[in-house]
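Heads up, the thing below is written out as structure tokens.
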Amino acid sequence: MGVKQNFSVPGSIVRITMQNFMTYIHETFWPGPNFNVTVGPNGSGKSSIVTALCIGLGGDISSLNRQSDLASLVNNDAKSGEAMVEIELFMVEEKNIIVTVMLYNNGNPPWWKINGEKTSKKELKTLCDRLQIQPGNMCQFLPQDVVRDFPTMSNQQIFYNTVKAVGDTGLIDTYDRLKEIQVEVEQLEDQAETKENTLANLERKEKKLESERVIFEKRKNLEERKTEIENAIKWEKFKTLRKQVKETRDKERSLKSRIDQMEEKQAPIRDFLETYESKVSTMREQIEQADREYSACCTKVEEFDIADLEDQLDRLVEQERDLTQQEHSRLQNKNRIEREIIELRQHLAKNQMDPETDTKITELSSKRSKHENSLQRNEQSMNEIEFHHSTLKREVEKLERAEAQLQDKKNRKLETLRRENPDAFNGVMWLRDNRDMFRAPVHDPIMLTLDVKDRNFARYVESHIGRADLEGFVCEDPDDVNLLTKQLRENLRLRKINAFHSSPDPPGSFAHPYSKEEMSKFAFIEYISDMYSAPDAVHAYLCRQKALHQVPVFREENNFSAQLKHKFHNYYIANQKFNTRKSKYSGELSTGMEDIGSRKVIRLAATVDRQEVDRVVAELEQKRKQFGINANRQTTMGRTCENIKAEISKLNVQIGDLRAVKKDFSSKQSELAMKERTLEQLKEPKFDLNSEREKIRAEKRKVVKLLSEQMFKMRDLTHNSVRKENERRTLHLAFQNIESENSENSERLAGLNRELETARAEHTEITVLWDRDKRALQEKHSEARKATGILSDDVKYKPPEAWQKRFDKLGSSDENVLAALLDECESELKHIKKIPDKTIVDIEAMKEKLALAREEKEQMETDMANKTHEAAKLRRKWINGVEALVENINDRFGSMMAELGYAGQISLSQGKREIDFSSYGVKIQVRFRVGHELQDLSKGTQSGGEKSVTTAVYMMALQELTQVPFRCVDEINQGMDERNERAIWAQLLKVCQEHQAQYFYMAPKFPYSLPFNDQVTMLICNNGSVEKTGHKVFRTKQFVESARKGRRR
């Protein structure tokens, strides 16, 4: 057991014992709790300690990159053929844990013990997970052979080992699940693609059978329609006949009822006619006597008259009422007018009119007129400004449309580049966001910066320049060429990228060999260098590389064209390209010809007039400025008009108030004068009311007395006359009733006799017809039921609902229309061939396969959407933890590299697709020399020492994020110079001290004069042919003391 109190982190290594393990026969190491430096010559067994820790704690031998199987770890001299490794792990509040592993060279599997009890590898892994020991994680165990390979690890491997080293199982579990989802989604995508191909094949097969299927479906539909029509006709015939039978039955019953009713009506009529004569003679005598008595009474009543007395009484009553009303009205009007006069005088006294009112009204009206004239002038100016504003707006819109059309041509050229060379297109997109990285201007691919002046020139320009140059970038600084190609080819992985250097020499630097006047006799059109406009650097490159200023184009061949081969190496005549070559031996000229007429212009098809673009942009800018200025004028003028209108409104209110005051005062004065005149007229009554009233009342009493006497006489005469009238009318009505009843009964009896005979004849005929139709109806019903069945036993006279819906779709229930439809179906069926049954079976089977394939494809798409949604949901939470982790590592790594005088950066790299989780990785970038850019850590970029420094710093940067019990690095100082080795040593000591971290540092030698303190433990490995039976046989301390004694002797 080790000294427990010196340790503080659970899982730290207290003791390592190895027996017959690799180079060791029997040895025990007691490491310290902090920085353990293991030194010894090559082959002394330093790396064996790392191997023992890894295998003893359940690690995989493949992670060491040395031995291929566990049997090779057993010492060849071991007679037992077995090896043992025992590791003591520190625990805080319990006894230290001792893990033992037994290895065999006979092929038997290893087995482990924990505290002396045999255990499984799974239980051992659980213990290691609890203590955050990860033997297979290169961020904790970095064996000698893996140190060299650390820089070659992929970003993904570094990322996974880093997350595992941090010990956040949630991030690891989520990441594993995300990668599982990625695999599942990719599998589903592959399956969906396969299913899509299967579906396409099935659809092609279905298409081949489509014509047969169409004919089959058409014939089948026609046969079904024929059946529907036939059955519809059967039911319509049944319905028609049933309706006819019901009508016949109702008619028979109606006739029978009529016959019975007519016989019942005849009996009372016959009884009345037999007693008619005796009643009539008696009634006539009574009527004559009543008429005579009524005439006498009427004569007396008509001669009696009281109308004059009534009129006289009404006149007297009216006179009395008028007298009273006149006097009452006079008094009321008098009192009212007196009150109104008092109120008017008080009002006029209180509200005296200002004598200056008329003057003020005149002044305000004059001021208002001036404002109105000013408003009229301003509104006229406003209309002129608005008209000018609308004109400018139309001109701006017109120029914007022209600019958009010109820009659309540029976009078409960019789209052509994207289609023809996606890498160059992506390079253009990147360059637009990163132009500030370059020292001098970097121009887009030549096809985008070069604008042909005439569409007809495009064929010559594109043919002569060529695809590679048209798709190439042009840099005005030679260093920018290297920077651009590195960024696009290495960083962005864009392969089809061309870039050239060209100084921006002016076009005048490239003179034409012959002037246009000298060339006119050859039907000269233009030199190719004059057929386009381009930046000076691009134009200079094309003239230097393609000599476009020396390549003329001619309209047609003429008598002088034969001289051209002596003047130019390359030239064009119409659609023919000519090139001349001079033989080195004979000196003769040979001319080659190529027809370019059939070549399609692709990259320069969209021509842009650069001068027109500049003109439109300049004019648009000018018009927009004018538009803005005019808009400001319009706003200012509008505010001025509104202010004037407000002032006019204010003056109108003031004038209206003054006029209202003046009008009110005048009207009150006129009203007062009129009321004073009226009051004078109403002061005294016109007559003596009481005396006049008494006279009228005396006259009324006389008239009323006479009228009463006459009314009593009139009452008696009237009563007597009314009584006689009632008696006479009663007798007349009784006689009329008897006469009318007799006439009616006679006519009714004759009519009933005729109707009765007719009804009886019809009844006999209907009875015979009804019996015949009932038998026919039963036959029709049986035929219809046999064709379609019936709705139910309770409803026997309707077809089933399904058949009724099919009948309704025929569009008509008329038998004639249905018969015509049936003839049409039969005619079509005669002209349609019958499809074999096997073909029909194939068609149905193909339908089922297609439906199944579409259903499976939809299910796959649903599954992919669900998986993608699940991944997005997991990623939202997971990515925050990962980014925070990488940011923390980056901060620590950068600061530690800066302490060493270098620069370093850690970043998270992701795949192109959001679902591509297997591409997530940690990218390590370092810089060891001032003035250089950060470079990715890779096998061939940095030196061996630089890679070792980076590896060491990265492992120390992880110390803050996770407190793993210990870390092992085997010969991490490989390739380091003395400066770097001392700097890394100092940082390791600092990390061990700050975080109480246990480190195992393996090195073949101890660097000269390196500082170390009490936290450093030195483990010395010696090799030689020494027989040991236990770890106590040979002790370094005793060896050193013996050596010292020997020296003293």
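Ligands are numbered from 1 in the order shown, chains are lettered A, B, ... in the order of the structure tokens, and residues start at 1 in each chain.
Neighbouring residues of region 594-604 of chain A at 7 Å or closer, counting only C-alpha atoms and skipping chain neighbours under 6 positions away, are A:Lys413, A:Thr416, A:Met447, A:Ala458, A:Arg459, A:Glu462, A:Asn575, A:Gln576, A:Lys577, A:Phe578.
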With 8 Å as the cut-off and only C-alpha atoms counted, what is the closest atom pair between each nearby residue of region 59-147 of chain A and region 50-54 of chain A? Distances in Å to one decimal, ordered by chain and number, as a tab-separated table.
```
residue	atom	partner	partner_atom	distance
A:Gly59	CA	A:Cys54	CA	4.9
A:Asp60	CA	A:Cys54	CA	7.5
A:Ile61	CA	A:Cys54	CA	7.9
A:Leu64	CA	A:Thr51	CA	7.3
A:Val85	CA	A:Ala52	CA	6.5
A:Ile87	CA	A:Leu53	CA	7.4
A:Pro135	CA	A:Cys54	CA	5.1
A:Gly136	CA	A:Cys54	CA	7.6
A:Phe141	CA	A:Cys54	CA	7.6
A:Pro143	CA	A:Val50	CA	6.6
```
Tell me which protein, DNA and RNA residues are within 12 Å of Lys79 (chain A), counting only C-alpha atoms, leaving out same-chain ones fewer than 6 positions away, and put them as a VMD selection string.
chain A and resid 19 to 20 25 104 to 105
If you keep all heavy atoms, can you produce a file of those selected residues as a short mmCIF file (atom, residue, chain, number, x, y, z; two decimals), in the first residue's frame?
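Now in out.cif:
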```cif
data_model
loop_
_atom_site.label_atom_id
_atom_site.label_comp_id
_atom_site.auth_asym_id
_atom_site.auth_seq_id
_atom_site.Cartn_x
_atom_site.Cartn_y
_atom_site.Cartn_z
N GLN A 19 4.54 -8.20 -13.02
CA GLN A 19 5.26 -9.47 -12.88
C GLN A 19 5.19 -10.20 -14.21
O GLN A 19 4.10 -10.47 -14.72
CB GLN A 19 4.63 -10.31 -11.76
CG GLN A 19 5.40 -11.58 -11.44
CD GLN A 19 4.81 -12.29 -10.22
OE1 GLN A 19 4.03 -11.71 -9.49
NE2 GLN A 19 5.21 -13.51 -10.01
N ASN A 20 6.39 -10.51 -14.76
CA ASN A 20 6.49 -11.18 -16.07
C ASN A 20 5.74 -10.39 -17.15
O ASN A 20 5.16 -10.98 -18.06
CB ASN A 20 5.97 -12.63 -16.00
CG ASN A 20 6.84 -13.50 -15.13
OD1 ASN A 20 8.06 -13.29 -15.05
ND2 ASN A 20 6.23 -14.47 -14.45
N ILE A 25 10.40 -8.53 -14.91
CA ILE A 25 10.21 -9.82 -14.26
C ILE A 25 9.36 -9.63 -13.02
O ILE A 25 8.36 -10.31 -12.84
CB ILE A 25 11.58 -10.46 -13.89
CG1 ILE A 25 12.43 -10.64 -15.16
CG2 ILE A 25 11.38 -11.79 -13.17
CD1 ILE A 25 11.78 -11.55 -16.19
N TYR A 104 -2.24 -14.25 -20.36
CA TYR A 104 -1.70 -15.57 -20.72
C TYR A 104 -1.21 -15.53 -22.16
O TYR A 104 -1.78 -14.82 -23.00
CB TYR A 104 -2.77 -16.64 -20.55
CG TYR A 104 -3.36 -16.69 -19.13
CD1 TYR A 104 -4.50 -15.96 -18.82
CD2 TYR A 104 -2.73 -17.43 -18.14
CE1 TYR A 104 -5.03 -15.98 -17.54
CE2 TYR A 104 -3.26 -17.46 -16.85
CZ TYR A 104 -4.41 -16.73 -16.56
OH TYR A 104 -4.92 -16.76 -15.29
N ASN A 105 -0.15 -16.35 -22.41
CA ASN A 105 0.38 -16.41 -23.77
C ASN A 105 -0.09 -17.64 -24.53
O ASN A 105 0.42 -17.95 -25.60
CB ASN A 105 1.92 -16.37 -23.74
CG ASN A 105 2.50 -17.56 -22.97
OD1 ASN A 105 1.77 -18.45 -22.53
ND2 ASN A 105 3.83 -17.55 -22.81
#
```
As a check of understanding: the span from CA of Val551 (chain A) to CA of Asp469 (chain A) is 16.9 Å
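Reported to one decimal place, the separation of CA of Ala537 (chain A) from CA of Ile497 (chain A) is 18.6 Å.
If you measure from each of A:Asp358, A:Glu755, A:Asp173, A:Glu372 to Glu263 (chain A) using only C-alpha atoms, the closest one turns out to be A:Glu755.
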Go through A:Ile984, A:Ile114, A:Val461, A:Ile98 one by one, measure the shortest atom-to-atom distance of each to Leu900 (chain A) using only C-alpha atoms, and give the residue with the smallest value.
A:Ile984
Give me, as a count of residues only, all polymer residues having an atom no more than 8 Å from region 342-357 of chain A, counting only C-alpha atoms and skipping those fewer than 4 positions away in the same chain.
9
Would you pick out the contacts of Thr764 (chain A) at 10 Å or less, using only C-alpha atoms, so that residues sharing its chain but fewer than 5 positions from it are not included, and give the list as an NGL selection string?
:A and (252 or 255-256 or 759 or 769)
Output N, CA and C atoms for every residue in that selection, as a PDB file, in the first residue's frame.
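In the end it all went to part.pdb:
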```pdb
ATOM      1  N   GLU A 252    -110.971   4.253 -58.540  1.00  0.00           N
ATOM      2  CA  GLU A 252    -112.079   3.310 -58.262  1.00  0.00           C
ATOM      3  C   GLU A 252    -112.711   3.628 -56.916  1.00  0.00           C
ATOM      4  N   LEU A 255    -114.655   6.900 -57.118  1.00  0.00           N
ATOM      5  CA  LEU A 255    -115.959   6.737 -57.797  1.00  0.00           C
ATOM      6  C   LEU A 255    -116.966   6.055 -56.885  1.00  0.00           C
ATOM      7  N   LYS A 256    -116.543   5.031 -56.149  1.00  0.00           N
ATOM      8  CA  LYS A 256    -117.461   4.327 -55.245  1.00  0.00           C
ATOM      9  C   LYS A 256    -117.961   5.250 -54.157  1.00  0.00           C
ATOM     10  N   ALA A 759    -121.064   7.973 -63.074  1.00  0.00           N
ATOM     11  CA  ALA A 759    -120.138   7.398 -62.106  1.00  0.00           C
ATOM     12  C   ALA A 759    -120.237   5.885 -62.074  1.00  0.00           C
ATOM     13  N   LEU A 769    -109.970  -2.493 -65.404  1.00  0.00           N
ATOM     14  CA  LEU A 769    -108.604  -2.044 -65.683  1.00  0.00           C
ATOM     15  C   LEU A 769    -107.685  -2.294 -64.486  1.00  0.00           C
TER      16      LEU A 769
END
```
Could you give me, as a PyMOL selection string, the residues within 10 Å of Arg284 (chain A), counting only C-alpha atoms and dropping anything in the same chain fewer than 4 positions from it?
chain A and resi 279-280+288-289+731-732+735
Excluding region 952-958 of chain A and any residue of its chain fewer than 4 positions from it, enumerate the residues within 10 Å of it, using only C-alpha atoms, and give them as JSON, numbers by chain.
{"A": [138, 139, 140, 141, 142, 147, 162, 163, 165, 166, 885, 888, 889, 890, 891, 892, 893, 894, 895, 896, 897, 900, 904, 906, 924, 946, 947, 948, 962, 963, 964, 967, 968, 969, 972, 973, 984, 985, 987, 988, 990, 991, 992, 997, 999]}
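The two atoms in question, CA of Ile49 (chain A) and CA of Pro110 (chain A), are spaced 18.0 Å apart.
Distances to Lys453 (chain A) were evaluated for A:Phe159, A:Tyr532, A:Tyr175, A:Phe500 using only C-alpha atoms, and the minimum falls at A:Tyr532.
Nearest to Ala631 (chain A) of all the residues A:His388, A:Arg368, A:Lys496, A:His831 is A:His388, counting only C-alpha atoms.
Each of A:Ile573, A:Ala547, A:Leu810, A:Val39 was checked against His512 (chain A) using only C-alpha atoms; the smallest atom-to-atom distance is that of A:Ala547.
The closest residue to Ala605 (chain A), picked from A:Gln1038, A:Asn652, A:Asp454, A:Ser529 and counting only C-alpha atoms, is A:Asp454.
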